[in-house]
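For reference, model-v2.pdb (PDB, C-alpha atoms):
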ATOM      1  CA  MET A 736     -51.546  50.442  57.196
ATOM      2  CA  LEU A 737     -52.857  53.681  55.761
ATOM      3  CA  ASN A 738     -55.107  55.634  58.099
ATOM      4  CA  ASN A 739     -58.735  55.435  56.955
ATOM      5  CA  PHE A 740     -57.801  52.820  54.346
ATOM      6  CA  ASP A 741     -61.314  51.391  54.278
ATOM      7  CA  LEU A 742     -62.750  54.857  53.648
ATOM      8  CA  VAL A 743     -60.217  55.522  50.910
ATOM      9  CA  LYS A 744     -60.908  52.176  49.267
ATOM     10  CA  ALA A 745     -64.677  52.621  49.425
ATOM     11  CA  ALA A 746     -64.527  56.147  48.037
ATOM     12  CA  TYR A 747     -62.295  55.046  45.167
ATOM     13  CA  GLU A 748     -64.421  52.024  44.309
ATOM     14  CA  ASN A 749     -67.558  54.207  44.384
ATOM     15  CA  ARG A 750     -65.828  56.872  42.243
ATOM     16  CA  ASP A 751     -66.500  59.386  45.002
ATOM     17  CA  ILE A 752     -63.918  62.067  44.260
ATOM     18  CA  VAL A 753     -65.418  64.482  46.809
ATOM     19  CA  THR A 754     -64.840  62.103  49.736
ATOM     20  CA  LEU A 755     -61.374  61.213  48.475
ATOM     21  CA  ASP A 756     -60.478  64.873  48.278
ATOM     22  CA  GLU A 757     -61.605  65.371  51.877
ATOM     23  CA  LEU A 758     -59.297  62.528  52.933
ATOM     24  CA  ALA A 759     -56.288  64.177  51.271
ATOM     25  CA  VAL A 760     -55.048  66.353  54.129
ATOM     26  CA  PRO A 761     -51.926  68.459  53.472
ATOM     27  CA  THR A 762     -49.183  67.706  55.955
ATOM     28  CA  TYR A 763     -45.519  68.443  56.570
ATOM     29  CA  ARG A 764     -43.230  65.754  55.142
ATOM     30  CA  MET A 765     -39.582  65.209  55.889
ATOM     31  CA  ILE A 766     -38.062  65.511  52.414
ATOM     32  CA  ASN A 767     -35.817  62.609  51.435
ATOM     33  CA  ARG A 768     -32.755  64.154  49.794
ATOM     34  CA  ARG A 769     -30.781  60.989  49.129
ATOM     35  CA  LYS A 770     -28.823  61.032  45.894
ATOM     36  CA  ASP A 771     -27.312  57.543  45.987
ATOM     37  CA  PHE A 772     -30.353  55.624  44.751
ATOM     38  CA  ASN A 773     -30.074  52.840  42.152
ATOM     39  CA  SER A 774     -33.571  51.468  41.504
ATOM     40  CA  VAL A 775     -36.558  53.619  40.533
ATOM     41  CA  LEU A 776     -39.775  51.585  40.628
ATOM     42  CA  MET A 777     -42.881  52.802  38.810
ATOM     43  CA  LEU A 778     -46.170  52.446  40.717
ATOM     44  CA  SER A 779     -49.493  53.537  39.208
ATOM     45  CA  CYS A 780     -51.349  56.039  41.381
ATOM     46  CA  ASN A 781     -54.729  54.621  40.355
ATOM     47  CA  ASN A 782     -53.845  51.195  41.764
ATOM     48  CA  LEU A 783     -54.421  50.920  45.515
ATOM     49  CA  ASN A 784     -52.669  47.556  45.678
ATOM     50  CA  HIS A 785     -49.549  49.152  44.188
ATOM     51  CA  LEU A 786     -49.645  52.108  46.570
ATOM     52  CA  MET A 787     -49.999  49.847  49.601
ATOM     53  CA  LYS A 788     -46.645  48.229  48.707
ATOM     54  CA  ILE A 789     -44.563  51.393  49.036
ATOM     55  CA  ASP A 790     -43.054  50.221  52.339
ATOM     56  CA  SER A 791     -42.435  46.614  51.353
ATOM     57  CA  VAL A 792     -40.917  46.690  47.858
ATOM     58  CA  GLU A 793     -37.133  46.558  47.478
ATOM     59  CA  ALA A 794     -36.582  49.826  45.636
ATOM     60  CA  ASP A 795     -34.628  52.952  46.501
ATOM     61  CA  CYS A 796     -37.157  55.269  44.837
ATOM     62  CA  ILE A 797     -40.868  55.008  44.163
ATOM     63  CA  MET A 798     -42.130  56.733  41.026
ATOM     64  CA  LEU A 799     -45.766  57.593  41.753
ATOM     65  CA  ASN A 800     -47.078  57.620  38.218
ATOM     66  CA  LEU A 801     -49.907  59.843  37.016
ATOM     67  CA  GLU A 802     -49.025  59.741  33.319
ATOM     68  CA  ASP A 803     -48.778  56.702  31.038
ATOM     69  CA  GLY A 804     -50.897  53.749  32.117
ATOM     70  CA  VAL A 805     -53.394  55.907  34.011
ATOM     71  CA  SER A 806     -56.529  56.470  31.937
ATOM     72  CA  ARG A 807     -57.910  59.960  31.420
ATOM     73  CA  GLU A 808     -60.934  59.023  33.559
ATOM     74  CA  ASP A 809     -58.702  57.784  36.379
ATOM     75  CA  LYS A 810     -56.226  60.675  36.440
ATOM     76  CA  PRO A 811     -58.213  62.845  38.937
ATOM     77  CA  PHE A 812     -58.565  59.849  41.274
ATOM     78  CA  GLY A 813     -54.888  58.953  40.868
ATOM     79  CA  LEU A 814     -53.868  62.503  41.762
ATOM     80  CA  VAL A 815     -55.854  62.507  45.004
ATOM     81  CA  LEU A 816     -54.685  58.997  45.932
ATOM     82  CA  CYS A 817     -51.119  60.160  45.331
ATOM     83  CA  ALA A 818     -51.684  63.059  47.739
ATOM     84  CA  ILE A 819     -53.217  60.753  50.368
ATOM     85  CA  PHE A 820     -50.256  58.385  50.287
ATOM     86  CA  LEU A 821     -47.722  61.219  50.373
ATOM     87  CA  SER A 822     -49.450  62.523  53.516
ATOM     88  CA  HIS A 823     -49.358  59.033  55.013
ATOM     89  CA  HIS A 824     -45.601  58.707  54.422
ATOM     90  CA  LYS A 825     -44.472  61.709  56.430
ATOM     91  CA  ARG A 826     -41.026  60.111  56.564
ATOM     92  CA  CYS A 827     -39.910  57.467  54.112
ATOM     93  CA  ASP A 828     -36.559  55.782  53.543
ATOM     94  CA  LYS A 829     -37.477  55.567  49.860
ATOM     95  CA  LYS A 830     -37.434  58.679  47.712
ATOM     96  CA  LEU A 831     -41.020  59.457  46.659
ATOM     97  CA  ILE A 832     -41.160  61.021  43.199
ATOM     98  CA  VAL A 833     -44.353  61.950  41.344
ATOM     99  CA  ARG A 834     -44.437  61.728  37.557
ATOM    100  CA  VAL A 835     -47.061  64.255  36.525
ATOM    101  CA  ASN A 836     -48.648  64.588  33.099
ATOM    102  CA  ALA A 837     -47.224  66.745  30.343
ATOM    103  CA  LEU A 838     -47.431  70.437  31.178
ATOM    104  CA  ASN A 839     -50.061  71.129  28.516
ATOM    105  CA  GLU A 840     -52.102  68.115  29.634
ATOM    106  CA  GLY A 841     -52.644  69.065  33.266
ATOM    107  CA  GLY A 842     -49.089  68.973  34.551
ATOM    108  CA  PHE A 843     -49.038  72.565  35.802
ATOM    109  CA  GLU A 844     -52.261  72.067  37.757
ATOM    110  CA  GLU A 845     -51.020  68.779  39.229
ATOM    111  CA  ILE A 846     -47.775  70.382  40.403
ATOM    112  CA  ALA A 847     -49.644  73.286  42.027
ATOM    113  CA  TYR A 848     -51.922  70.814  43.828
ATOM    114  CA  LEU A 849     -49.100  68.512  44.943
ATOM    115  CA  ASN A 850     -46.982  71.341  46.366
ATOM    116  CA  GLN A 851     -49.046  71.181  49.557
ATOM    117  CA  PHE A 852     -48.238  67.455  49.979
ATOM    118  CA  MET A 853     -44.445  67.845  49.612
ATOM    119  CA  PRO A 854     -43.236  65.082  47.290
ATOM    120  CA  ASP A 855     -39.474  64.570  47.356
ATOM    121  CA  ALA A 856     -39.337  65.290  43.634
ATOM    122  CA  ILE A 857     -41.567  66.012  40.658
ATOM    123  CA  ARG A 858     -40.770  64.384  37.312
ATOM    124  CA  VAL A 859     -42.037  66.243  34.257
ATOM    125  CA  PRO A 860     -42.456  64.354  30.951
ATOM    126  CA  LYS A 861     -42.340  65.598  27.357
ATOM    127  CA  ILE A 862     -40.069  68.528  28.211
ATOM    128  CA  LYS A 863     -38.787  70.381  25.154
ATOM    129  CA  GLU A 864     -37.303  73.766  25.981
ATOM    130  CA  VAL A 865     -35.494  75.650  28.717
ATOM    131  CA  LYS A 866     -38.400  78.062  29.170
ATOM    132  CA  GLU A 867     -40.672  75.135  30.090
ATOM    133  CA  VAL A 868     -38.242  74.054  32.809
ATOM    134  CA  GLU A 869     -38.057  77.618  34.086
ATOM    135  CA  SER A 870     -41.851  77.852  34.248
ATOM    136  CA  VAL A 871     -42.018  74.673  36.333
ATOM    137  CA  TYR A 872     -39.187  75.873  38.556
ATOM    138  CA  GLU A 873     -41.106  79.073  39.325
ATOM    139  CA  LEU A 874     -44.215  77.078  40.288
ATOM    140  CA  LEU A 875     -42.618  74.217  42.223
ATOM    141  CA  ASP A 876     -42.216  74.374  45.997
ATOM    142  CA  GLU A 877     -38.630  75.318  46.840
ATOM    143  CA  LYS A 878     -38.075  72.152  48.908
ATOM    144  CA  THR A 879     -38.916  69.788  46.045
ATOM    145  CA  GLU A 880     -36.428  68.557  43.442
ATOM    146  CA  LEU A 881     -37.240  68.793  39.740
ATOM    147  CA  HIS A 882     -36.623  65.733  37.559
ATOM    148  CA  LEU A 883     -37.070  65.689  33.772
ATOM    149  CA  SER A 884     -37.923  63.011  31.219
ATOM    150  CA  ILE A 885     -35.758  63.260  28.098
ATOM    151  CA  GLU A 886     -38.008  61.822  25.415
ATOM    152  CA  THR A 887     -38.458  64.448  22.688
ATOM    153  CA  ASN A 888     -36.270  65.671  19.833
ATOM    154  CA  GLU A 889     -36.158  69.117  21.389
ATOM    155  CA  ALA A 890     -35.103  67.858  24.833
ATOM    156  CA  TRP A 891     -32.339  65.809  23.240
ATOM    157  CA  ASN A 892     -31.049  68.839  21.366
ATOM    158  CA  ASN A 893     -31.272  71.014  24.506
ATOM    159  CA  LEU A 894     -29.946  68.380  26.892
ATOM    160  CA  SER A 895     -26.950  70.341  28.162
ATOM    161  CA  LEU A 896     -29.066  73.480  28.742
ATOM    162  CA  LEU A 897     -31.929  72.071  30.797
ATOM    163  CA  LYS A 898     -30.329  72.338  34.231
ATOM    164  CA  VAL A 899     -31.656  75.814  35.002
ATOM    165  CA  ASP A 900     -31.140  75.569  38.766
ATOM    166  CA  LYS A 901     -29.537  73.335  41.393
ATOM    167  CA  ARG A 902     -32.958  71.820  42.162
ATOM    168  CA  VAL A 903     -32.947  70.240  38.690
ATOM    169  CA  THR A 904     -31.086  67.102  39.718
ATOM    170  CA  THR A 905     -32.098  64.099  37.606
ATOM    171  CA  PHE A 906     -32.857  63.160  33.985
ATOM    172  CA  TYR A 907     -34.609  59.988  32.817
ATOM    173  CA  LEU A 908     -34.004  58.541  29.369
ATOM    174  CA  GLY A 909     -37.420  57.838  27.806
ATOM    175  CA  ILE A 910     -36.147  55.638  25.022
ATOM    176  CA  LEU A 911     -39.461  54.529  23.485
ATOM    177  CA  ASP A 912     -40.933  58.019  23.186
ATOM    178  CA  LEU A 913     -37.584  59.405  22.041
ATOM    179  CA  PHE A 914     -37.356  56.835  19.259
ATOM    180  CA  ALA A 915     -40.930  57.551  18.216
ATOM    181  CA  ASP A 916     -40.205  61.281  18.050
ATOM    182  CA  MET A 917     -37.038  60.617  16.035
ATOM    183  CA  LYS A 918     -38.978  58.326  13.680
ATOM    184  CA  LEU A 919     -36.704  55.425  14.591
ATOM    185  CA  SER A 920     -37.954  51.856  14.856
ATOM    186  CA  GLN A 921     -38.088  50.379  18.345
ATOM    187  CA  SER A 922     -36.616  47.207  16.848
ATOM    188  CA  LEU A 923     -33.275  49.053  16.990
ATOM    189  CA  ILE A 924     -33.289  48.865  20.801
ATOM    190  CA  GLN A 925     -30.752  46.051  20.999
ATOM    191  CA  ARG A 926     -27.680  45.858  23.213
ATOM    192  CA  ASP A 927     -25.279  45.559  20.258
ATOM    193  CA  ASN A 928     -26.798  48.340  18.166
ATOM    194  CA  PRO A 929     -24.367  51.255  17.643
ATOM    195  CA  THR A 930     -27.199  53.800  17.706
ATOM    196  CA  ILE A 931     -28.329  52.631  21.140
ATOM    197  CA  LEU A 932     -24.773  52.629  22.444
ATOM    198  CA  TYR A 933     -24.311  56.177  21.170
ATOM    199  CA  ILE A 934     -27.561  57.378  22.766
ATOM    200  CA  LEU A 935     -26.686  55.780  26.113
ATOM    201  CA  SER A 936     -23.158  57.210  26.003
ATOM    202  CA  HIS A 937     -24.193  60.701  24.961
ATOM    203  CA  PHE A 938     -26.949  60.851  27.572
ATOM    204  CA  LEU A 939     -24.630  59.638  30.337
ATOM    205  CA  ILE A 940     -21.693  61.921  29.530
ATOM    206  CA  THR A 941     -23.805  65.027  28.969
ATOM    207  CA  CYS A 942     -25.626  64.499  32.265
ATOM    208  CA  LYS A 943     -22.372  63.950  34.128
ATOM    209  CA  THR A 944     -20.760  67.092  32.715
ATOM    210  CA  ILE A 945     -23.630  69.310  33.913
ATOM    211  CA  GLY A 946     -24.017  67.667  37.326
ATOM    212  CA  ILE A 947     -27.204  65.711  36.611
ATOM    213  CA  ARG A 948     -28.028  62.155  37.741
ATOM    214  CA  PRO A 949     -28.733  60.038  34.610
ATOM    215  CA  ILE A 950     -31.353  57.283  34.958
ATOM    216  CA  SER A 951     -31.347  54.673  32.220
ATOM    217  CA  PHE A 952     -34.502  53.670  30.408
ATOM    218  CA  VAL A 953     -37.260  51.295  31.531
ATOM    219  CA  TYR A 954     -37.059  47.822  29.972
ATOM    220  CA  GLN A 955     -40.657  46.947  29.135
ATOM    221  CA  ASP A 956     -40.477  43.140  28.863
ATOM    222  CA  PHE A 957     -40.620  42.634  32.624
ATOM    223  CA  LYS A 958     -40.859  38.844  32.287
ATOM    224  CA  ASN A 959     -37.571  38.560  30.400
ATOM    225  CA  LEU A 960     -35.319  38.909  33.416
ATOM    226  CA  ASP A 961     -32.262  37.392  31.753
ATOM    227  CA  GLU A 962     -32.240  40.066  29.070
ATOM    228  CA  PHE A 963     -32.974  42.749  31.654
ATOM    229  CA  ARG A 964     -29.960  41.602  33.657
ATOM    230  CA  GLU A 965     -27.767  41.880  30.554
ATOM    231  CA  TRP A 966     -28.949  45.437  29.960
ATOM    232  CA  VAL A 967     -28.110  46.403  33.544
ATOM    233  CA  LEU A 968     -24.643  44.841  33.267
ATOM    234  CA  LEU A 969     -24.017  46.731  30.012
ATOM    235  CA  GLU A 970     -25.127  50.021  31.553
ATOM    236  CA  LYS A 971     -22.989  49.413  34.635
ATOM    237  CA  ARG A 972     -19.925  48.886  32.416
ATOM    238  CA  MET A 973     -20.735  52.178  30.678
ATOM    239  CA  GLY A 974     -20.874  54.071  33.979
ATOM    240  CA  TYR A 975     -24.573  54.106  34.884
ATOM    241  CA  ASP A 976     -25.633  53.340  38.443
ATOM    242  CA  ALA A 977     -29.423  53.802  38.286
ATOM    243  CA  LYS A 978     -32.273  52.431  36.169
ATOM    244  CA  GLY A 979     -36.025  52.747  35.930
ATOM    245  CA  CYS A 980     -38.030  49.616  36.755
ATOM    246  CA  ILE A 981     -41.596  48.405  36.256
ATOM    247  CA  SER A 982     -41.574  45.405  38.586
ATOM    248  CA  PRO A 983     -40.214  44.689  42.070
ATOM    249  CA  THR A 984     -38.096  41.878  40.617
ATOM    250  CA  GLN A 985     -36.449  44.301  38.207
ATOM    251  CA  ALA A 986     -35.722  46.658  41.117
ATOM    252  CA  LYS A 987     -34.168  43.831  43.097
ATOM    253  CA  ILE A 988     -31.870  42.952  40.172
ATOM    254  CA  VAL A 989     -30.844  46.595  39.766
ATOM    255  CA  ASN A 990     -29.988  46.878  43.455
ATOM    256  CA  GLU A 991     -27.994  43.659  43.304
ATOM    257  CA  LEU A 992     -25.993  44.535  40.186
ATOM    258  CA  PHE A 993     -25.418  48.204  40.971
ATOM    259  CA  ALA A 994     -24.450  47.496  44.571
ATOM    260  CA  ASP A 995     -21.295  49.359  45.550
ATOM    261  CA  GLU A 996     -19.915  47.840  48.727
ATOM    262  CA  VAL A 997     -17.318  50.573  49.247
ATOM    263  CA  LYS A 998     -19.934  53.307  48.820
ATOM    264  CA  ASP A 999     -22.383  51.519  51.135
ATOM    265  CA  ILE A1000     -19.770  51.180  53.874
ATOM    266  CA  ALA A1001     -18.777  54.854  53.597
ATOM    267  CA  ARG A1002     -22.426  55.893  53.726
ATOM    268  CA  ALA A1003     -23.049  53.694  56.785
ATOM    269  CA  ARG A1004     -20.043  55.154  58.619
ATOM    270  CA  ASN A1005     -21.189  58.701  57.940
ATOM    271  CA  ILE A1006     -24.715  57.962  59.134
ATOM    272  CA  ILE A1007     -23.418  56.342  62.317
ATOM    273  CA  LYS A1008     -21.149  59.299  63.022
ATOM    274  CA  LEU A1009     -23.899  61.849  62.406
ATOM    275  CA  PHE A1010     -26.446  59.972  64.504
ATOM    276  CA  GLU A1011     -24.111  59.479  67.466
ATOM    277  CA  LEU A1012     -23.124  63.161  67.436
ATOM    278  CA  LYS A1013     -26.762  64.259  67.387
ATOM    279  CA  LYS A1014     -27.704  61.711  70.053
ATOM    280  CA  GLU A1015     -25.237  63.358  72.425
ATOM    281  CA  GLU A1016     -27.362  66.499  71.970
ATOM    282  CA  GLY A1017     -30.524  64.550  72.751
ATOM    283  CA  ILE A1018     -31.649  64.432  69.091
ATOM    284  CA  THR A1019     -32.518  61.028  67.631
ATOM    285  CA  GLY A1020     -34.337  62.103  64.467
ATOM    286  CA  PHE A1021     -33.083  64.750  62.036
ATOM    287  CA  GLU A1022     -32.672  65.561  58.365
ATOM    288  CA  ASP A1023     -29.250  65.556  56.738
ATOM    289  CA  GLY A1024     -28.616  67.348  53.456
ATOM    290  CA  GLU A1025     -26.756  64.386  51.928
ATOM    291  CA  PHE A1026     -28.312  61.277  53.491
ATOM    292  CA  GLY A1027     -31.898  62.392  54.056
ATOM    293  CA  TYR A1028     -33.799  61.640  57.242
ATOM    294  CA  ILE A1029     -31.807  59.773  59.894
ATOM    295  CA  ASP A1030     -33.355  58.190  62.966
ATOM    296  CA  GLU A1031     -32.677  55.133  65.117
ATOM    297  CA  PRO A1032     -33.912  52.529  62.583
ATOM    298  CA  ILE A1033     -31.700  54.101  59.880
ATOM    299  CA  TYR A1034     -28.804  54.125  62.366
ATOM    300  CA  LYS A1035     -29.339  50.433  63.190
ATOM    301  CA  GLY A1036     -29.434  49.633  59.481
ATOM    302  CA  ALA A1037     -26.084  51.372  59.061
ATOM    303  CA  LEU A1038     -24.646  49.345  61.934
ATOM    304  CA  THR A1039     -25.844  46.180  60.194
ATOM    305  CA  VAL A1040     -23.993  47.180  57.008
ATOM    306  CA  LEU A1041     -20.745  47.685  58.929
ATOM    307  CA  ASN A1042     -21.117  44.470  60.907
ATOM    308  CA  LYS A1043     -21.794  42.507  57.705
ATOM    309  CA  ASN A1044     -18.609  43.837  56.142
ATOM    310  CA  SER A1045     -16.352  43.736  59.202
TER     311      SER A1045
END
Structure re-expressed in structure tokens:
Amino acid sequence: MLNNFDLVKAAYENRDIVTLDELAVPTYRMINRRKDFNSVLMLSCNNLNHLMKIDSVEADCIMLNLEDGVSREDKPFGLVLCAIFLSHHKRCDKKLIVRVNALNEGGFEEIAYLNQFMPDAIRVPKIKEVKEVESVYELLDEKTELHLSIETNEAWNNLSLLKVDKRVTTFYLGILDLFADMKLSQSLIQRDNPTILYILSHFLITCKTIGIRPISFVYQDFKNLDEFREWVLLEKRMGYDAKGCISPTQAKIVNELFADEVKDIARARNIIKLFELKKEEGITGFEDGEFGYIDEPIYKGALTVLNKNS
């Protein structure tokens, strides 16, 4: 349970931004550097019920969303609630990513504010040009990864140029906004449409050739799980291994279909080896550059993976 949850809830319900801001205390977080995630679940930062589920939902990454779906009036409250929950999760086995607003709509200010709360990554929407990425890179705390939404004509044209630094690690395909910017009908978003197959292929291959993790688009009809499953299977056949989600059920399906037993076993063995070596030195909690934070619960989880597959 979040510390001072009742105070946070009361302040939010009373629209008391001053009290909320006082409850957002900057703190050191152990950055989660995992790169092997499959499911990226969107949670709205203006929804306390959503934020309280960070620990319990079956997703590899949590996308703390300040952009679409958060009203203009709620954005300041969402930003402070995001900071409060980042401070609460000083260590988290899920990667905590914040999707800020477009740079010219408050994104720069949000990034500057969030630097003191150490999100694992910042995702910037509506990117167009290399110079925008460079301006964010100069502002962003050096420990935080930079993720980009590819959803404009300009970003599509500049796709291979947008990795300006090693901290730019991940691109998200924003298919609906991209189609709108290209003046293409969303009715074309069908699994057998050649245009869609080209876009998915081009995005995947370009990302792979520049060392970027490609995340496939969010499927909006969250109740149509059969069709969602078919999309994930198609993307898996194409070479994708990660997808954005808007419901816990979608995230669960992604994890199930993108599961890589060989990769999971190798990861578990490495974690066990690292933990046991550090334990001999009297260290039972440490950060690893590849696997993120490792402690005894993570070690026990790795043992469970090996035992299940032995």
Restricting the calculation to only C-alpha atoms: of A:Asn928, A:Asn781, A:Asn1005, A:Asn773, which residue gets closest to Arg807 in chain A?
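Of all the options, A:Asn781 lies closest to Arg807 in chain A.
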Restricting the calculation to only C-alpha atoms, which member of A:Val760, A:Ile1007, A:Leu816, A:Val805 is positioned closest to Leu783 in chain A?
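Using only C-alpha atoms, the shortest distance to Leu783 in chain A belongs to A:Leu816.
Using all atoms listed in the file, the smallest distance between any of A:Leu968, A:Asp956, A:Tyr975, A:Asn782 and Lys943 in chain A comes from A:Tyr975.
Closest to Leu778 in chain A among A:Leu799, A:Leu758, A:Ala890, A:Val815 is A:Leu799, based on all atoms listed in the file.
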Write out as a PyMOL selection string the residues lying within 8 Å of range 1009-1016 of chain A, counting all atoms listed in the file and excluding same-chain residues fewer than 4 positions away.
chain A and resi 1005+1029-1031+1034
Residues of the last selection are to be written out with C-alpha atoms, as a compact mmCIF listing (two decimals), in the frame of the given file.
# COMPACT_ATOMS: atom_id res chain seq x y z
CA ASN A 1005 -21.19 58.70 57.94
CA ILE A 1029 -31.81 59.77 59.89
CA ASP A 1030 -33.35 58.19 62.97
CA GLU A 1031 -32.68 55.13 65.12
CA TYR A 1034 -28.80 54.12 62.37
Would you translate the PyMOL selection byres ((chain A and resi 835) around 12) into the concrete set of residues it matches in this file, as a VMD selection string?
chain A and resid 779 to 780 798 to 803 805 810 to 811 813 to 814 817 832 to 834 836 to 849 854 856 to 862 871 881 to 884
Skip Leu911 in chain A itself and residues of its chain fewer than 4 positions away, then list as JSON, numbers by chain all residues within 9 Å of it, counting all atoms listed in the file.
{"A": [886, 915, 916, 921, 924, 952, 953]}
Could you list as a PyMOL selection string every residue that has an atom within 10 Å of (-26.4, 55.7, 58.2), using the file's coordinates and counting only C-alpha atoms?
chain A and resi 999-1010+1026-1041
With all atoms listed in the file counted, which protein, DNA or RNA residues have an atom no more than 8 Å from (-27.6, 61.7, 24.5) in the file frame? Please answer as a list in words.
Trp891, Leu894, Tyr933, Ile934, Leu935, Ser936, His937, Phe938, Leu939, Ile940 and Thr941 of chain A
Could you save those same residues with C-alpha atoms as a compact mmCIF listing (two decimals), in the frame of the given file?
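Now in again.txt:
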# COMPACT_ATOMS: atom_id res chain seq x y z
CA TRP A 891 -32.34 65.81 23.24
CA LEU A 894 -29.95 68.38 26.89
CA TYR A 933 -24.31 56.18 21.17
CA ILE A 934 -27.56 57.38 22.77
CA LEU A 935 -26.69 55.78 26.11
CA SER A 936 -23.16 57.21 26.00
CA HIS A 937 -24.19 60.70 24.96
CA PHE A 938 -26.95 60.85 27.57
CA LEU A 939 -24.63 59.64 30.34
CA ILE A 940 -21.69 61.92 29.53
CA THR A 941 -23.80 65.03 28.97
Smallest atom-to-atom distance to Gly1024 in chain A: which of A:Lys878, A:Arg826, A:Lys998, A:Lys866, using only C-alpha atoms?
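Of A:Lys878, A:Arg826, A:Lys998, A:Lys866, the one nearest Gly1024 in chain A is A:Lys878, counting only C-alpha atoms.
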CA of Ile819 in chain A and CA of Pro761 in chain A, how far apart in Å?
8.4 Å
Could range 753-765 of chain A be completed with N, CA and C atoms and returned as a compact mmCIF listing (two decimals), keeping the file's coordinate frame?
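rebuild.txt, freshly written:
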# COMPACT_ATOMS: atom_id res chain seq x y z
N VAL A 753 -65.24 63.48 45.75
CA VAL A 753 -65.42 64.48 46.81
C VAL A 753 -64.91 63.94 48.14
N THR A 754 -65.30 62.72 48.48
CA THR A 754 -64.84 62.10 49.74
C THR A 754 -63.34 61.88 49.71
N LEU A 755 -62.82 61.42 48.58
CA LEU A 755 -61.37 61.21 48.48
C LEU A 755 -60.63 62.52 48.71
N ASP A 756 -61.14 63.58 48.12
CA ASP A 756 -60.48 64.87 48.28
C ASP A 756 -60.48 65.33 49.74
N GLU A 757 -61.53 65.02 50.46
CA GLU A 757 -61.60 65.37 51.88
C GLU A 757 -60.59 64.57 52.70
N LEU A 758 -60.25 63.38 52.22
CA LEU A 758 -59.30 62.53 52.93
C LEU A 758 -57.85 62.90 52.63
N ALA A 759 -57.64 63.73 51.62
CA ALA A 759 -56.29 64.18 51.27
C ALA A 759 -55.96 65.44 52.07
N VAL A 760 -55.33 65.24 53.21
CA VAL A 760 -55.05 66.35 54.13
C VAL A 760 -53.58 66.76 54.00
N PRO A 761 -53.32 68.00 53.57
CA PRO A 761 -51.93 68.46 53.47
C PRO A 761 -51.20 68.31 54.80
N THR A 762 -49.95 67.91 54.74
CA THR A 762 -49.18 67.71 55.96
C THR A 762 -47.71 67.97 55.68
N TYR A 763 -46.96 68.25 56.73
CA TYR A 763 -45.52 68.44 56.57
C TYR A 763 -44.84 67.09 56.40
N ARG A 764 -44.01 66.97 55.35
CA ARG A 764 -43.23 65.75 55.14
C ARG A 764 -41.75 66.07 55.32
N MET A 765 -41.03 65.09 55.82
CA MET A 765 -39.58 65.21 55.89
C MET A 765 -39.04 64.81 54.52
